[in-house]
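A short write-up of the structure that comes next.
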Amino acid sequence: MTINYDRNAKIYDARHGEEIAPHIARNVMELAGLEAGGSQLDLASGTGRGCLAFARQGMTVTASDVSAEMLATLMLKASGLELSTHVIKAGDLPFEDDSFDAVSMSRALYLIADWRRVIGEAVRVVKPGGVFIHEWGSGSETDVYGRIRGRLRDLLLRAGVKQIFHPGARTETQVEAEIFARGFKSVGAVETGPGLSTTPRKFIEKIVNRECSYLWDVSDEIAASAMEKVWIYTCEEFGDLDQEIFMPENSWWRVYRLPKSRA
Ligand SMILES: C[S@@+](CC[C@H](N)C(=O)[O-])C[C@H]1O[C@@H](n2cnc3c(N)ncnc32)[C@H](O)[C@@H]1O
């Protein structure tokens with residue numbers, strides 16, 4: 001199953017798409033030893049929240065996604081930048097081995113069932129000594145929204161839903177273990193702080209109106225029954241449904257480097 005964001009292309013930017021700040025992109029590049037003119041493949045780029053900021057710092061960016069609509073929205077913002085787009089799956093890259101100085105990816109590995117293959121492809125197309133830049137961005141199981149989401153996930157599994165949301169990696173720790181197993185070494189991280197400000201009530205509304213992908217493949221009947229239980233759980237567990245919460249509570253752009261010669 002591929003989770004294509006075509007249906008979100010028109011609303012994504014208003015809700016999640018604020019481009020990362022220039023100083024974050026600069027700090028990540030400095031940490032990674034990247035300079036303007038370097039080549040960067042961005043996987044699952046969406047509307048360019050991450051990769052546009054790197055292109056504005058002078059990177060030559062190849063943006064990619066399964067969603068042509070998300071990439072069309074990205075291109076509306078890419079005027080004057082060294083940036084091309086490709087509609088492709090992150091686990092199946094049409095690029096030669098050792099093609100890019102950097103491969104980047106943000107907020108997508110939890111959506112992709114064959115996420116380990118994606119990291120394998122990143123290793124293949126990055127040059128020896130090159131970097132993988134990753135932002136997990138999906139919070140942790142202890143964030144308030146992570147706990148609400150976890151409850152919904154349990155309920156859908158119990159209801160027998162097969163196409164469960166977030167079929168990919170479960171945690172950032174799991175992703176890092178795979179990255180290290182593929183030979184990358186940690187270089188460091190740039191902290192970006194809390195994400196989108198919201199409330200438990202607004203988060204639940206976003207799930208119910210299917211702005212979040214969680215219920216995209218769930219029947220109306222199962223969705224209604226699960227969301228009623230999620231609502232009760234949230235009231236009991238967190239009380240104030242209008243308290244400010246952040247999605248995620250904190251986030252990092254992490255940099256990993258491949259050795260100069262392949263094993
Ligand atoms: C939550 S958005 C993240 C977009 C962007 N990277 C960001 O940080 O805002 C996830 C994106 O992954 C894309 N996607 C999902 N599965 C994919 C796959 N197998 N290969 C490439 N893109 C994929 C979706 O179409 C969507 O645009």
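Letters A, B, ... mark the chains of the structure tokens in the order given; residue numbers begin at 1 per chain; ligand numbers begin at 1, in order shown.
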
Taking only C-alpha atoms and all ligand atoms into account, which residues have an atom no farther than 9 Å from ligand 1? I'd like them as a ChimeraX atom specification. /A:1-6,8-9,12-13,16-20,42-51,64-71,87-92,104-115,118,135-138

Selection near Leu81 in chain A, 9 Å with only C-alpha atoms, sequence-local residues under 2 positions removed, as a PyMOL selection string: chain A and resi 52+55-56+58-61+78-79+83-84

Print the selection's residues with N, CA, C and O atoms to a file, as a PDB file, in the first residue's frame.
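Once everything was written out, this is again36.pdb:
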```pdb
ATOM      1  N   LEU A  52      12.961  22.831  -0.110  1.00  0.00           N
ATOM      2  CA  LEU A  52      13.024  24.197  -0.668  1.00  0.00           C
ATOM      3  C   LEU A  52      14.035  25.047   0.105  1.00  0.00           C
ATOM      4  O   LEU A  52      14.762  25.853  -0.477  1.00  0.00           O
ATOM      5  N   ALA A  55      17.415  24.267  -1.124  1.00  0.00           N
ATOM      6  CA  ALA A  55      17.623  24.855  -2.458  1.00  0.00           C
ATOM      7  C   ALA A  55      17.890  26.360  -2.333  1.00  0.00           C
ATOM      8  O   ALA A  55      18.715  26.913  -3.049  1.00  0.00           O
ATOM      9  N   ARG A  56      17.221  27.007  -1.395  1.00  0.00           N
ATOM     10  CA  ARG A  56      17.441  28.459  -1.210  1.00  0.00           C
ATOM     11  C   ARG A  56      18.845  28.756  -0.675  1.00  0.00           C
ATOM     12  O   ARG A  56      19.344  29.867  -0.810  1.00  0.00           O
ATOM     13  N   GLY A  58      21.331  27.201  -1.872  1.00  0.00           N
ATOM     14  CA  GLY A  58      22.226  26.952  -3.005  1.00  0.00           C
ATOM     15  C   GLY A  58      22.408  25.491  -3.386  1.00  0.00           C
ATOM     16  O   GLY A  58      23.141  25.198  -4.336  1.00  0.00           O
ATOM     17  N   MET A  59      21.766  24.566  -2.655  1.00  0.00           N
ATOM     18  CA  MET A  59      21.899  23.158  -3.045  1.00  0.00           C
ATOM     19  C   MET A  59      21.149  22.934  -4.367  1.00  0.00           C
ATOM     20  O   MET A  59      20.129  23.572  -4.638  1.00  0.00           O
ATOM     21  N   THR A  60      21.675  22.033  -5.184  1.00  0.00           N
ATOM     22  CA  THR A  60      20.971  21.617  -6.404  1.00  0.00           C
ATOM     23  C   THR A  60      20.113  20.423  -6.021  1.00  0.00           C
ATOM     24  O   THR A  60      20.637  19.349  -5.707  1.00  0.00           O
ATOM     25  N   VAL A  61      18.793  20.639  -5.972  1.00  0.00           N
ATOM     26  CA  VAL A  61      17.897  19.663  -5.356  1.00  0.00           C
ATOM     27  C   VAL A  61      17.093  18.872  -6.391  1.00  0.00           C
ATOM     28  O   VAL A  61      16.521  19.440  -7.325  1.00  0.00           O
ATOM     29  N   ALA A  78       9.063  27.210  -6.358  1.00  0.00           N
ATOM     30  CA  ALA A  78      10.478  26.910  -6.619  1.00  0.00           C
ATOM     31  C   ALA A  78      11.100  27.810  -7.683  1.00  0.00           C
ATOM     32  O   ALA A  78      12.212  27.535  -8.131  1.00  0.00           O
ATOM     33  N   SER A  79      10.404  28.874  -8.034  1.00  0.00           N
ATOM     34  CA  SER A  79      10.903  29.730  -9.117  1.00  0.00           C
ATOM     35  C   SER A  79      12.321  30.260  -8.801  1.00  0.00           C
ATOM     36  O   SER A  79      12.583  30.732  -7.689  1.00  0.00           O
ATOM     37  N   LEU A  83      16.201  23.272  -8.962  1.00  0.00           N
ATOM     38  CA  LEU A  83      15.376  22.199  -8.401  1.00  0.00           C
ATOM     39  C   LEU A  83      14.565  21.530  -9.512  1.00  0.00           C
ATOM     40  O   LEU A  83      13.938  22.216 -10.322  1.00  0.00           O
ATOM     41  N   SER A  84      14.614  20.191  -9.543  1.00  0.00           N
ATOM     42  CA  SER A  84      13.776  19.447 -10.488  1.00  0.00           C
ATOM     43  C   SER A  84      12.907  18.487  -9.692  1.00  0.00           C
ATOM     44  O   SER A  84      13.216  18.182  -8.530  1.00  0.00           O
TER      45      SER A  84
END
```

Residue nearest Pro248 in chain A - candidates A:Glu30, A:Glu141, A:Asp97, A:Glu35, atoms counted: only C-alpha atoms: A:Glu141

What are the nearest atom pairs, with distances in Å to one decimal, for all residues of range 135-166 of chain A that come at most 12 Å from range 215-222 of chain A, using only C-alpha atoms, set out by chain and rising residue number as CSV?
```
residue,atom,partner,partner_atom,distance
A:Arg149,CA,A:Leu215,CA,11.2
A:Leu152,CA,A:Leu215,CA,9.7
A:Arg153,CA,A:Leu215,CA,10.0
A:Leu155,CA,A:Ile222,CA,9.3
A:Leu156,CA,A:Ile222,CA,7.6
A:Leu157,CA,A:Ile222,CA,10.7
A:Arg158,CA,A:Ile222,CA,10.5
A:Ala159,CA,A:Ile222,CA,7.1
A:Gly160,CA,A:Ile222,CA,9.4
A:Val161,CA,A:Val218,CA,7.0
A:Lys162,CA,A:Asp217,CA,9.0
A:Gln163,CA,A:Asp217,CA,6.4
A:Ile164,CA,A:Asp217,CA,7.7
A:Phe165,CA,A:Leu215,CA,7.3
A:His166,CA,A:Leu215,CA,10.6
```

Quick one: residues within 8 Å of Val230 in chain A, only C-alpha atoms counted, chain neighbours fewer than 4 positions away excluded, as a ChimeraX atom specification? /A:148,151-152,226,234

Step one, run DSSP on the backbone; step two, keep only residues of range 10-87 of chain A assigned to strand (DSSP E); then write them as a VMD selection string. chain A and resid 39 to 43 60 to 65 83 to 87

8 Å contact set for Ala189 in chain A, only C-alpha atoms, chain neighbours under 2 positions out, as an mmCIF file with C-alpha atoms, in the first residue's frame:
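And here's out19.cif as it stands now:
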```cif
data_model
loop_
_atom_site.group_PDB
_atom_site.id
_atom_site.type_symbol
_atom_site.label_atom_id
_atom_site.label_comp_id
_atom_site.auth_asym_id
_atom_site.auth_seq_id
_atom_site.Cartn_x
_atom_site.Cartn_y
_atom_site.Cartn_z
ATOM 1 C CA VAL A 28 22.280 21.302 8.802
ATOM 2 C CA LEU A 31 27.036 20.049 10.146
ATOM 3 C CA VAL A 187 27.415 13.252 12.635
ATOM 4 C CA GLU A 191 17.099 20.735 17.027
ATOM 5 C CA TRP A 252 15.568 17.205 15.003
ATOM 6 C CA TRP A 253 17.233 17.138 11.613
ATOM 7 C CA ARG A 254 19.843 14.409 12.023
ATOM 8 C CA VAL A 255 22.887 13.944 9.827
#
```

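Nearest to Gly120 in chain A of all the residues A:Met247, A:Glu228, A:Phe132, A:Lys202 is A:Phe132, based on only C-alpha atoms.
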
Which residues, written as a VMD selection string, have at least one atom at most 12 Å from Ala122 in chain A, with only C-alpha atoms counted and residues fewer than 4 positions away on the same chain left out? chain A and resid 40 to 43 90 to 105 115 to 118 126 to 128 130 to 134 178 to 179 182 to 184 256 to 258

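Restricting the calculation to only C-alpha atoms, the smallest distance between Pro22 in chain A and any of A:Glu249, A:Arg147, A:Asp154, A:Thr192 is found for A:Thr192.
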
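Distance-wise, CA of Leu241 in chain A and CA of Ser213 in chain A end up 21.4 Å apart.
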
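Rounded to one decimal, CA of Ile119 in chain A and CA of Gly37 in chain A lie 24.0 Å from each other.
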
Which parts of range 13-82 of chain A does DSSP call helix (DSSP H, G or I) when run on the backbone here, written out as a VMD selection string? chain A and resid 13 to 15 22 to 32 51 to 56 68 to 75

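We find CA of Glu237 in chain A and CA of Ser140 in chain A to be spaced 17.0 Å apart.
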
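Using only C-alpha atoms for every distance, the candidate list A:Lys229, A:Arg15, A:Arg26, A:His86 yields A:Arg15 as the residue closest to Gly195 in chain A.
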